[in-house]
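Everything below belongs to start-v8.cif, which stores mmCIF, C-alpha atoms and all ligand atoms.
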```
data_structure
#
loop_
_atom_site.label_atom_id
_atom_site.label_comp_id
_atom_site.auth_asym_id
_atom_site.auth_seq_id
_atom_site.Cartn_x
_atom_site.Cartn_y
_atom_site.Cartn_z
CA MET R 1 9.06 -23.18 -49.82
CA SER R 2 10.94 -20.30 -51.50
CA ILE R 3 9.99 -16.67 -50.92
CA LYS R 4 8.86 -16.48 -54.56
CA GLU R 5 6.53 -19.44 -54.14
CA LYS R 6 5.35 -17.97 -50.87
CA SER R 7 4.43 -14.62 -52.38
CA ALA R 8 2.70 -16.38 -55.27
CA ALA R 9 0.22 -17.89 -52.78
CA PRO R 10 -3.11 -16.06 -52.86
CA THR R 11 -3.41 -13.41 -50.17
CA LYS R 12 -5.97 -14.12 -47.46
CA LEU R 13 -7.75 -11.33 -45.62
CA ILE R 14 -7.98 -11.56 -41.83
CA HIS R 15 -9.99 -9.21 -39.66
CA CYS R 16 -8.38 -8.59 -36.27
CA ILE R 17 -10.99 -7.36 -33.80
CA VAL R 18 -10.34 -5.02 -30.87
CA GLY R 19 -12.68 -3.00 -28.68
CA ALA R 20 -11.52 -2.62 -25.10
CA ARG R 21 -8.26 -1.83 -23.36
CA PRO R 22 -6.93 -5.36 -22.75
CA ASN R 23 -7.56 -6.23 -26.40
CA PHE R 24 -5.03 -3.64 -27.57
CA VAL R 25 -2.28 -5.19 -25.47
CA LYS R 26 -3.03 -8.62 -26.96
CA ILE R 27 -3.42 -7.61 -30.60
CA ALA R 28 -0.23 -5.50 -30.80
CA PRO R 29 2.30 -8.38 -30.96
CA ILE R 30 0.04 -10.45 -33.23
CA MET R 31 -0.16 -7.60 -35.77
CA LYS R 32 3.63 -7.21 -35.62
CA ALA R 33 4.21 -10.95 -36.11
CA LEU R 34 1.84 -11.07 -39.08
CA GLU R 35 3.84 -8.31 -40.83
CA PHE R 36 6.40 -11.00 -41.68
CA HIS R 37 3.83 -12.96 -43.68
CA PRO R 38 2.88 -11.14 -46.88
CA GLU R 39 0.36 -13.82 -47.81
CA VAL R 40 -1.81 -12.65 -44.92
CA LYS R 41 -3.47 -9.24 -45.30
CA VAL R 42 -4.57 -7.84 -41.96
CA ASN R 43 -7.41 -5.39 -41.39
CA LEU R 44 -7.81 -4.00 -37.90
CA ILE R 45 -11.39 -3.41 -36.79
CA HIS R 46 -11.96 -1.26 -33.67
CA THR R 47 -15.48 -1.57 -32.32
CA GLY R 48 -15.16 1.58 -30.19
CA GLN R 49 -16.20 -0.20 -26.97
CA HIS R 50 -13.51 1.91 -25.30
CA TYR R 51 -13.19 5.43 -26.65
CA ASP R 52 -11.57 7.76 -24.06
CA HIS R 53 -8.06 8.76 -25.12
CA LYS R 54 -6.46 7.08 -22.08
CA MET R 55 -8.49 3.89 -22.62
CA SER R 56 -7.82 3.57 -26.36
CA GLU R 57 -5.57 5.90 -28.44
CA ALA R 58 -2.94 6.06 -25.69
CA PHE R 59 -2.53 2.28 -26.08
CA PHE R 60 -2.30 2.53 -29.86
CA GLU R 61 0.49 5.10 -29.47
CA ASP R 62 2.47 3.22 -26.81
CA LEU R 63 2.17 -0.13 -28.57
CA GLU R 64 2.63 1.27 -32.10
CA ILE R 65 -0.57 -0.35 -33.30
CA PRO R 66 -1.51 0.90 -36.78
CA LYS R 67 -4.66 3.02 -37.09
CA PRO R 68 -7.76 0.84 -37.37
CA ASP R 69 -8.94 0.16 -40.92
CA ARG R 70 -12.48 0.45 -39.62
CA HIS R 71 -13.86 2.13 -36.52
CA LEU R 72 -17.38 1.14 -35.53
CA ASN R 73 -17.77 3.85 -32.83
CA VAL R 74 -20.26 1.84 -30.78
CA GLY R 75 -19.44 3.41 -27.38
CA SER R 76 -20.94 2.41 -24.04
CA GLY R 77 -24.32 0.89 -23.25
CA SER R 78 -25.91 -1.98 -21.38
CA HIS R 79 -24.50 -5.38 -22.32
CA ALA R 80 -27.35 -6.12 -24.70
CA VAL R 81 -27.23 -2.67 -26.29
CA GLN R 82 -23.45 -2.64 -26.70
CA THR R 83 -23.35 -6.21 -28.04
CA ALA R 84 -26.22 -5.54 -30.44
CA ARG R 85 -24.65 -2.32 -31.73
CA ILE R 86 -21.35 -4.09 -32.37
CA MET R 87 -23.12 -6.94 -34.16
CA GLU R 88 -25.16 -4.60 -36.32
CA SER R 89 -22.16 -2.51 -37.37
CA TYR R 90 -19.77 -5.38 -37.81
CA GLU R 91 -22.23 -7.28 -39.99
CA GLN R 92 -22.06 -4.46 -42.54
CA VAL R 93 -18.26 -4.59 -42.48
CA ILE R 94 -18.00 -8.34 -42.84
CA LEU R 95 -20.51 -8.34 -45.70
CA SER R 96 -18.56 -5.71 -47.61
CA ASP R 97 -14.99 -6.92 -46.84
CA LYS R 98 -15.64 -10.67 -47.01
CA PRO R 99 -12.63 -11.66 -44.87
CA ASP R 100 -11.31 -15.23 -44.99
CA LEU R 101 -10.77 -15.32 -41.22
CA VAL R 102 -11.74 -13.34 -38.14
CA LEU R 103 -9.38 -13.21 -35.17
CA VAL R 104 -10.70 -12.23 -31.74
CA VAL R 105 -8.80 -11.94 -28.46
CA GLY R 106 -9.79 -12.17 -24.81
CA ASP R 107 -13.28 -12.04 -23.38
CA VAL R 108 -14.83 -8.60 -23.75
CA ASN R 109 -18.21 -7.86 -25.33
CA SER R 110 -16.54 -7.01 -28.66
CA THR R 111 -14.92 -10.47 -28.71
CA MET R 112 -18.24 -12.26 -28.40
CA ALA R 113 -20.28 -9.91 -30.60
CA CYS R 114 -17.92 -10.19 -33.60
CA SER R 115 -17.58 -13.96 -33.15
CA ILE R 116 -21.34 -14.36 -33.43
CA VAL R 117 -21.46 -12.24 -36.59
CA ALA R 118 -18.55 -14.09 -38.19
CA ALA R 119 -19.92 -17.54 -37.33
CA LYS R 120 -23.30 -16.65 -38.85
CA GLU R 121 -21.55 -15.47 -42.03
CA LEU R 122 -19.62 -18.77 -42.05
CA VAL R 123 -16.27 -17.02 -41.64
CA PRO R 124 -13.97 -19.13 -39.44
CA VAL R 125 -13.13 -17.53 -36.09
CA ILE R 126 -9.75 -17.79 -34.36
CA HIS R 127 -9.97 -17.16 -30.61
CA VAL R 128 -6.73 -16.17 -28.92
CA GLU R 129 -6.88 -16.85 -25.14
CA ALA R 130 -9.43 -19.62 -25.53
CA GLY R 131 -10.54 -21.97 -22.77
CA LEU R 132 -10.18 -19.76 -19.69
CA ARG R 133 -13.03 -20.36 -17.25
CA SER R 134 -13.81 -18.85 -13.86
CA GLY R 135 -16.85 -21.09 -13.44
CA ASP R 136 -18.76 -17.95 -12.45
CA ARG R 137 -21.54 -17.06 -14.86
CA THR R 138 -22.34 -13.86 -12.99
CA MET R 139 -19.25 -12.40 -14.69
CA PRO R 140 -20.07 -10.97 -18.12
CA GLU R 141 -16.67 -12.14 -19.36
CA GLU R 142 -17.48 -15.78 -18.55
CA ILE R 143 -20.52 -15.65 -20.82
CA ASN R 144 -18.37 -14.04 -23.53
CA ARG R 145 -15.73 -16.79 -23.18
CA ILE R 146 -18.23 -19.66 -23.37
CA VAL R 147 -20.04 -18.26 -26.42
CA THR R 148 -16.85 -17.32 -28.27
CA ASP R 149 -15.24 -20.71 -27.69
CA ALA R 150 -18.39 -22.51 -28.76
CA LEU R 151 -18.32 -20.67 -32.08
CA ALA R 152 -14.58 -20.54 -32.83
CA SER R 153 -13.04 -22.86 -35.42
CA TYR R 154 -9.52 -22.44 -34.04
CA LEU R 155 -8.91 -22.17 -30.30
CA PHE R 156 -5.51 -20.83 -29.29
CA THR R 157 -4.84 -21.39 -25.59
CA SER R 158 -2.48 -19.66 -23.19
CA CYS R 159 -2.20 -22.44 -20.60
CA GLN R 160 -2.88 -26.11 -20.04
CA ASP R 161 -6.10 -25.63 -18.11
CA GLY R 162 -7.53 -23.77 -21.12
CA GLU R 163 -7.16 -26.95 -23.15
CA ASP R 164 -8.59 -29.06 -20.31
CA HIS R 165 -11.76 -26.93 -20.17
CA LEU R 166 -12.24 -27.04 -23.94
CA LEU R 167 -11.83 -30.81 -24.11
CA ARG R 168 -14.29 -31.21 -21.25
CA GLU R 169 -16.77 -29.07 -23.17
CA GLY R 170 -16.46 -31.36 -26.18
CA VAL R 171 -14.20 -29.27 -28.44
CA ALA R 172 -12.37 -31.48 -30.94
CA PRO R 173 -8.68 -31.74 -29.94
CA GLU R 174 -7.48 -30.79 -33.45
CA LYS R 175 -9.10 -27.36 -33.09
CA ILE R 176 -7.01 -26.54 -30.00
CA HIS R 177 -3.49 -25.08 -30.28
CA PHE R 178 -1.37 -24.19 -27.26
CA VAL R 179 0.40 -20.95 -28.19
CA GLY R 180 1.22 -19.30 -24.83
CA ASN R 181 0.39 -15.82 -23.66
CA VAL R 182 0.45 -12.94 -26.17
CA MET R 183 -0.04 -10.36 -23.40
CA ILE R 184 3.30 -11.42 -21.98
CA ASP R 185 4.93 -10.83 -25.39
CA THR R 186 3.86 -7.20 -25.09
CA LEU R 187 5.06 -6.98 -21.51
CA VAL R 188 8.48 -8.40 -22.33
CA ASP R 189 8.90 -6.06 -25.33
CA SER R 190 7.73 -3.04 -23.37
CA LEU R 191 9.86 -3.27 -20.24
CA PRO R 192 12.85 -1.36 -21.68
CA LEU R 193 10.49 1.35 -22.98
CA ALA R 194 8.57 1.59 -19.71
CA ALA R 195 11.49 2.32 -17.39
CA PRO R 196 12.19 5.82 -18.79
CA LYS R 197 8.64 6.87 -17.88
CA GLN R 198 9.92 7.26 -14.28
CA MET R 199 6.45 7.03 -12.80
CA ALA R 200 7.65 6.40 -9.24
CA ASP R 201 9.76 9.54 -9.44
CA LYS R 202 6.87 11.56 -10.87
CA LEU R 203 4.63 10.43 -8.02
CA ASP R 204 7.31 11.17 -5.42
CA LEU R 205 7.66 7.45 -4.65
CA GLU R 206 11.19 6.90 -5.92
CA GLY R 207 13.04 4.55 -3.58
CA LYS R 208 9.92 4.05 -1.47
CA ARG R 209 7.76 0.98 -1.07
CA TYR R 210 4.36 1.43 -2.68
CA ALA R 211 1.36 -0.60 -3.83
CA VAL R 212 -0.76 -0.32 -6.98
CA ALA R 213 -4.51 -0.92 -7.10
CA THR R 214 -6.85 -1.39 -10.07
CA ILE R 215 -10.52 -2.17 -9.39
CA HIS R 216 -13.33 -2.01 -11.93
CA ARG R 217 -15.32 -5.29 -11.93
CA PRO R 218 -19.08 -4.86 -11.59
CA SER R 219 -19.03 -7.21 -8.56
CA ASN R 220 -16.70 -4.80 -6.72
CA VAL R 221 -17.95 -1.38 -7.75
CA ASP R 222 -21.54 -1.61 -8.94
CA ASP R 223 -23.28 -1.74 -5.57
CA ALA R 224 -22.59 0.18 -2.36
CA ALA R 225 -21.83 -2.87 -0.19
CA GLY R 226 -19.15 -4.12 -2.61
CA PHE R 227 -17.62 -0.68 -3.11
CA GLU R 228 -17.55 -0.04 0.66
CA ARG R 229 -15.68 -3.31 1.21
CA ILE R 230 -13.07 -2.14 -1.31
CA LEU R 231 -12.84 1.22 0.46
CA SER R 232 -12.29 -0.47 3.84
CA ILE R 233 -9.46 -2.49 2.27
CA LEU R 234 -7.83 0.57 0.70
CA GLU R 235 -8.18 2.59 3.92
CA ALA R 236 -6.45 -0.07 6.04
CA ILE R 237 -3.66 -0.94 3.59
CA GLY R 238 -3.15 2.75 2.73
CA GLU R 239 -2.19 3.28 6.39
CA ILE R 240 0.73 0.87 5.92
CA ILE R 241 1.93 1.64 2.39
CA PRO R 242 1.07 4.30 -0.21
CA ILE R 243 -1.28 2.95 -2.88
CA VAL R 244 -1.38 4.33 -6.43
CA PHE R 245 -4.87 3.85 -7.83
CA PRO R 246 -5.31 4.65 -11.54
CA ILE R 247 -9.06 4.77 -11.62
CA HIS R 248 -11.15 3.20 -14.39
CA PRO R 249 -13.97 5.45 -15.67
CA ARG R 250 -16.53 2.84 -14.54
CA THR R 251 -15.15 2.96 -10.96
CA GLN R 252 -15.07 6.76 -10.96
CA GLY R 253 -18.65 6.84 -12.24
CA ARG R 254 -19.87 4.35 -9.63
CA ALA R 255 -18.09 6.19 -6.78
CA GLU R 256 -19.97 9.35 -7.70
CA ALA R 257 -23.30 7.60 -8.24
CA LEU R 258 -23.02 5.81 -4.89
CA ASP R 259 -21.96 8.98 -3.07
CA LEU R 260 -18.63 7.38 -2.13
CA ALA R 261 -16.29 9.67 -4.08
CA ASP R 262 -15.44 11.83 -1.04
CA ARG R 263 -14.61 8.77 1.07
CA LEU R 264 -12.43 7.46 -1.76
CA ARG R 265 -10.54 10.74 -2.07
CA ALA R 266 -10.03 10.82 1.71
CA CYS R 267 -8.42 7.36 1.90
CA PRO R 268 -5.10 7.74 3.74
CA GLY R 269 -2.07 7.03 1.58
CA LEU R 270 -4.14 6.75 -1.60
CA ILE R 271 -2.76 8.43 -4.72
CA LEU R 272 -5.61 8.64 -7.21
CA SER R 273 -4.77 9.06 -10.86
CA PRO R 274 -6.69 8.96 -14.13
CA PRO R 275 -6.27 5.75 -16.15
CA LEU R 276 -2.63 5.37 -17.20
CA ALA R 277 -1.29 4.63 -20.65
CA TYR R 278 0.30 1.19 -21.03
CA LEU R 279 3.98 2.07 -20.63
CA GLU R 280 3.29 4.30 -17.64
CA PHE R 281 1.34 1.50 -16.00
CA VAL R 282 3.97 -1.15 -16.66
CA ASP R 283 6.64 1.13 -15.23
CA LEU R 284 4.60 1.62 -12.09
CA LEU R 285 3.89 -2.09 -11.81
CA ARG R 286 7.45 -3.28 -12.24
CA THR R 287 8.73 -1.57 -9.07
CA ALA R 288 5.60 -2.01 -6.96
CA ARG R 289 5.84 -3.98 -3.71
CA LEU R 290 2.23 -5.20 -3.81
CA VAL R 291 -0.68 -5.12 -6.26
CA LEU R 292 -4.39 -5.18 -5.44
CA THR R 293 -6.57 -5.95 -8.42
CA ASP R 294 -9.67 -7.52 -9.91
CA SER R 295 -8.25 -7.48 -13.44
CA GLY R 296 -7.41 -10.66 -15.32
CA GLY R 297 -4.36 -9.44 -17.23
CA ILE R 298 -2.69 -7.95 -14.17
CA GLN R 299 -2.72 -11.35 -12.43
CA GLU R 300 -0.63 -12.56 -15.38
CA GLU R 301 1.68 -9.55 -15.62
CA THR R 302 2.53 -9.55 -11.90
CA SER R 303 3.28 -13.29 -12.10
CA VAL R 304 5.88 -12.67 -14.78
CA LEU R 305 7.29 -9.61 -13.02
CA GLY R 306 7.51 -11.49 -9.70
CA ILE R 307 5.29 -9.14 -7.69
CA HIS R 308 2.78 -10.27 -5.07
CA CYS R 309 -0.72 -9.76 -6.40
CA LEU R 310 -3.84 -9.84 -4.23
CA THR R 311 -6.80 -10.67 -6.46
CA LEU R 312 -9.92 -9.20 -4.88
CA ARG R 313 -12.34 -11.74 -6.28
CA ASP R 314 -13.83 -15.06 -5.20
CA ASN R 315 -12.60 -16.91 -8.28
CA THR R 316 -10.16 -16.58 -11.14
CA GLU R 317 -10.07 -17.87 -14.70
CA ARG R 318 -6.29 -17.80 -14.39
CA PRO R 319 -5.49 -20.36 -11.62
CA ILE R 320 -2.10 -20.99 -13.21
CA THR R 321 -1.00 -17.61 -11.81
CA ILE R 322 -1.69 -18.93 -8.31
CA LYS R 323 -0.07 -22.30 -8.91
CA MET R 324 3.01 -21.08 -10.75
CA GLY R 325 3.04 -17.32 -10.36
CA SER R 326 2.71 -14.75 -7.57
CA ASN R 327 -1.06 -14.36 -7.44
CA HIS R 328 -3.11 -14.80 -4.25
CA LEU R 329 -6.88 -15.16 -4.55
CA VAL R 330 -8.13 -13.43 -1.42
CA GLY R 331 -11.79 -12.55 -1.97
CA THR R 332 -13.14 -9.22 -0.76
CA ASP R 333 -13.63 -9.69 2.96
CA PRO R 334 -11.66 -6.73 4.37
CA GLY R 335 -10.34 -8.65 7.40
CA GLN R 336 -8.89 -11.45 5.28
CA VAL R 337 -7.45 -9.19 2.58
CA ILE R 338 -5.81 -6.86 5.07
CA GLU R 339 -4.30 -9.78 7.01
CA LYS R 340 -2.83 -11.25 3.82
CA ALA R 341 -1.49 -7.86 2.73
CA LYS R 342 0.26 -7.42 6.09
CA GLU R 343 1.75 -10.90 5.86
CA LEU R 344 3.10 -10.30 2.35
CA LEU R 345 4.45 -6.86 3.19
CA ALA R 346 6.25 -8.26 6.22
CA GLY R 347 7.80 -11.04 4.15
CA ASP R 348 9.98 -11.26 1.08
CA ARG R 349 9.19 -10.67 -2.54
CA PRO R 350 8.13 -13.82 -4.43
CA LYS R 351 11.15 -16.11 -4.47
CA GLN R 352 11.27 -17.61 -7.90
CA HIS R 353 10.51 -16.10 -11.22
CA CYS R 354 7.47 -17.42 -12.96
CA GLN R 355 8.02 -20.39 -15.22
CA ILE R 356 4.60 -20.79 -16.73
CA PRO R 357 5.03 -22.79 -19.95
CA LEU R 358 5.11 -20.69 -23.14
CA TRP R 359 4.80 -17.36 -21.35
CA ASP R 360 8.08 -16.65 -23.01
CA GLY R 361 7.63 -13.64 -25.26
CA PHE R 362 7.12 -15.70 -28.44
CA ALA R 363 3.41 -16.55 -28.32
CA SER R 364 2.47 -14.17 -31.14
CA GLU R 365 5.02 -15.77 -33.45
CA ARG R 366 3.34 -19.10 -32.81
CA VAL R 367 -0.03 -17.46 -33.50
CA ALA R 368 1.23 -16.00 -36.80
CA ASN R 369 2.73 -19.33 -37.91
CA LEU R 370 -0.53 -21.11 -37.22
CA ILE R 371 -2.49 -18.45 -39.13
CA VAL R 372 -0.24 -19.00 -42.13
CA LYS R 373 -0.92 -22.73 -41.93
CA ILE R 374 -4.66 -22.07 -41.73
CA CYS R 375 -4.44 -19.80 -44.79
CA ARG R 376 -2.59 -22.51 -46.72
CA GLY R 377 -5.21 -25.07 -45.75
CA GLU R 378 -2.63 -27.11 -43.85
CA ILE R 379 -4.70 -27.16 -40.63
C1 LIG Y 401 -14.47 -3.98 -20.22
C2 LIG Y 401 -14.54 -5.52 -20.26
C3 LIG Y 401 -13.69 -6.08 -19.13
C4 LIG Y 401 -12.28 -5.52 -19.16
C5 LIG Y 401 -12.37 -4.01 -19.14
C6 LIG Y 401 -11.01 -3.37 -19.19
C7 LIG Y 401 -16.69 -6.41 -21.03
C8 LIG Y 401 -17.91 -7.11 -20.61
N1 LIG Y 401 -15.90 -5.97 -20.03
O1 LIG Y 401 -15.07 -3.59 -19.00
O2 LIG Y 401 -13.63 -7.49 -19.28
O3 LIG Y 401 -11.59 -5.98 -18.02
O4 LIG Y 401 -13.12 -3.58 -20.27
O5 LIG Y 401 -11.10 -1.99 -19.03
O6 LIG Y 401 -16.46 -6.25 -22.21
N2 LIG Y 401 -16.13 4.09 -20.04
C9 LIG Y 401 -15.64 5.33 -20.28
N3 LIG Y 401 -14.72 5.47 -21.28
C10 LIG Y 401 -14.30 4.43 -22.03
C11 LIG Y 401 -14.82 3.16 -21.78
C12 LIG Y 401 -15.73 3.00 -20.77
O7 LIG Y 401 -16.00 6.31 -19.63
O8 LIG Y 401 -13.44 4.62 -22.91
C13 LIG Y 401 -17.10 3.91 -18.93
C14 LIG Y 401 -18.53 4.06 -19.35
O9 LIG Y 401 -19.24 4.63 -18.32
C15 LIG Y 401 -18.97 2.62 -19.52
C16 LIG Y 401 -18.17 1.93 -18.43
O10 LIG Y 401 -16.94 2.63 -18.38
O11 LIG Y 401 -20.35 2.48 -19.39
C17 LIG Y 401 -17.93 0.48 -18.65
O12 LIG Y 401 -17.32 0.28 -19.94
P1 LIG Y 401 -17.51 -1.13 -20.69
O13 LIG Y 401 -16.73 -1.14 -21.95
O14 LIG Y 401 -18.96 -1.46 -20.77
O15 LIG Y 401 -16.91 -2.17 -19.69
P2 LIG Y 401 -15.59 -2.12 -18.79
O16 LIG Y 401 -16.02 -2.02 -17.38
O17 LIG Y 401 -14.60 -1.12 -19.30
#
```

structure tokens encoding of this file:
Amino acid sequence: MSIKEKSAAPTKLIHCIVGARPNFVKIAPIMKALEFHPEVKVNLIHTGQHYDHKMSEAFFEDLEIPKPDRHLNVGSGSHAVQTARIMESYEQVILSDKPDLVLVVGDVNSTMACSIVAAKELVPVIHVEAGLRSGDRTMPEEINRIVTDALASYLFTSCQDGEDHLLREGVAPEKIHFVGNVMIDTLVDSLPLAAPKQMADKLDLEGKRYAVATIHRPSNVDDAAGFERILSILEAIGEIIPIVFPIHPRTQGRAEALDLADRLRACPGLILSPPLAYLEFVDLLRTARLVLTDSGGIQEETSVLGIHCLTLRDNTERPITIKMGSNHLVGTDPGQVIEKAKELLAGDRPKQHCQIPLWDGFASERVANLIVKICRGEI
């Protein structure tokens, strides 16, 4: 088709939904890839699930994401309150804008809330990162994944097991498209921009071995027993290697509420920092010796960077990072985690670089090409 014919095609409006920190990292390359397709008009809708500068605007700046066309300003609340507020506000937006498609990413409350609204207004939903399952319905994200995938018309997967889960749940094979991992597109693009941030130097860690920790899951920080297990882990590993811990507002809040903030601050070798912007974090990650996390995205990023990652959870929706990456699912029993950390620190870095299929930096191009086909009615 010639460019002239292409531009003569009617423009379709797509709403891209973001709300929380990991969404920004996923939407950035998709928005960039869609810029090459004038027949697709993109509106960015920010629910406001995350609102602190370091949790939101800092990511927009680092990743050069355009300002949202709409900001719903929903803020924090219980799951029901936050989800309901997003649904109520987004319904007004969808009714007035009448988009042809709604694209959601990941598994946060904003993902599910906007999918429900779109499905009820009969607007087809595209879910990027479909099919991931931890099998653990105590995780709010698992509920969000199941509901979103049940409602989506187009399910874009990042790995083979995503497709396997969807087929097992009865999703028609023609709705599933294996695109790869858009978060890795952002990582690959950002590495040259991250290095000049010189985070190790700024933290007086240049040339030294150090670890990075990120912990914010409700199962690890919401109750005292879980939080104390995490503290025991940090205290023991901090004796062996300095640990940089950019602390999520939820974790900070829980530490204070549980009267554990002093113990956290007193952890030997622990360097506490406010949440970091994306490029600062990637710079810190890329030269870390070990990572301790309960995040989903960081299991993926460390696998591509070839850094040992200890996932402090009992399950993961990203088993591919264990099979083909550098992730180790270690639970939260301090004895076991500390033993594994010592073993990894005494050994070598992960030997081979990750070769997970389609985690190649081009997933968002595949997403954009599929969206164009959807807009033309070809799929
Ligand atoms: C959300 C996602 C989680 C994702 C995480 C990344 C859901 C169910 N969870 O969890 O999957 O890994 O984002 O960060 O959607 N807060 C602030 N400032 C902010 C945002 C949050 O202070 O900008 C505090 C508030 O006290 C809030 C708490 O953090 O109540 C939790 O925020 P929320 O968006 O509900 O969930 P996250 O734990 O951030």

Using all atoms listed in the file, the best pick from R:Leu345, R:Ala113, R:Leu203, R:Val212 as closest to ligand LIG 401 (chain Y) would be R:Ala113

As JSON, numbers by chain, please: the residues near Ile215 in chain R (cut-off 8 Å, all atoms listed in the file, same-chain neighbours under 5 positions excluded). {"R": [220, 221, 247, 248, 251, 292, 293, 294, 295]}

Can you work out the spacing between CA of Thr47 in chain R and CA of Arg85 in chain R in Å, to one decimal? 9.2 Å

Taking only C-alpha atoms and all ligand atoms into account, report as a count of residues only which residues have an atom no farther than 8 Å from an atom of ligand LIG 401 (chain Y). 35

Pro124 in chain R: which residues within 9 Å, counting all atoms listed in the file, same-chain residues fewer than 5 positions away excluded, as a list in words?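 Within the cut-off, the hits are Asp100, Leu101, Val102, Leu103, Ser115, Ala118, Ala119, Leu151, Ala152, Ser153 and Tyr154 of chain R.
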
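Across the structure, CA of Leu329 in chain R and CA of Leu231 in chain R are spaced 18.1 Å apart.
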
Residues within 8 Å of His328 in chain R, please, as a PyMOL selection string. Count all atoms listed in the file; anything in the same chain fewer than 4 positions from it doesn't count. chain R and resi 308-311+322

Which one is closest to Leu290 in chain R: R:Ala225, R:Ala261, R:Ala213, R:Val25? Count all atoms listed in the file.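 When distances to Leu290 in chain R are compared using all atoms listed in the file, the smallest one comes from R:Ala213.
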
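The residue set within 10 Å of Ala150 in chain R, counting only C-alpha atoms and dropping same-chain residues fewer than 3 places from it, reads Ser115, Ile116, Ala130, Gly131, Asn144, Arg145, Ile146, Val147, Ser153, Leu155, Leu166, Glu169, Gly170 and Val171 of chain R.
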
Would you please take range 107-111 of chain R of the structure in the block above and write all heavy atoms to a file as a compact mmCIF listing (two decimals), in the first residue's frame?
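Final output, result_5.txt:
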```txt
# COMPACT_ATOMS: atom_id res chain seq x y z
N ASP R 107 -0.73 -5.35 34.92
CA ASP R 107 -1.67 -6.02 35.82
C ASP R 107 -2.07 -5.16 37.01
O ASP R 107 -2.42 -5.69 38.07
CB ASP R 107 -1.05 -7.34 36.30
CG ASP R 107 0.31 -7.13 36.96
OD1 ASP R 107 0.65 -5.98 37.28
OD2 ASP R 107 1.05 -8.12 37.14
N VAL R 108 -1.98 -3.85 36.89
CA VAL R 108 -2.31 -3.02 38.06
C VAL R 108 -3.81 -2.73 38.09
O VAL R 108 -4.55 -3.07 37.14
CB VAL R 108 -1.46 -1.72 38.08
CG1 VAL R 108 0.03 -2.06 38.03
CG2 VAL R 108 -1.83 -0.78 36.94
N ASN R 109 -4.27 -2.10 39.16
CA ASN R 109 -5.71 -1.85 39.27
C ASN R 109 -6.24 -1.03 38.09
O ASN R 109 -7.36 -1.24 37.63
CB ASN R 109 -6.01 -1.13 40.59
CG ASN R 109 -5.89 -2.07 41.78
OD1 ASN R 109 -5.87 -3.29 41.62
ND2 ASN R 109 -5.79 -1.51 42.97
N SER R 110 -5.46 -0.09 37.60
CA SER R 110 -5.89 0.74 36.46
C SER R 110 -6.14 -0.12 35.22
O SER R 110 -7.05 0.14 34.43
CB SER R 110 -4.83 1.79 36.12
OG SER R 110 -4.56 2.57 37.25
N THR R 111 -5.30 -1.14 35.03
CA THR R 111 -5.43 -2.06 33.89
C THR R 111 -6.80 -2.72 33.90
O THR R 111 -7.54 -2.73 32.90
CB THR R 111 -4.34 -3.16 33.97
OG1 THR R 111 -3.08 -2.55 34.18
CG2 THR R 111 -4.32 -4.04 32.75
```
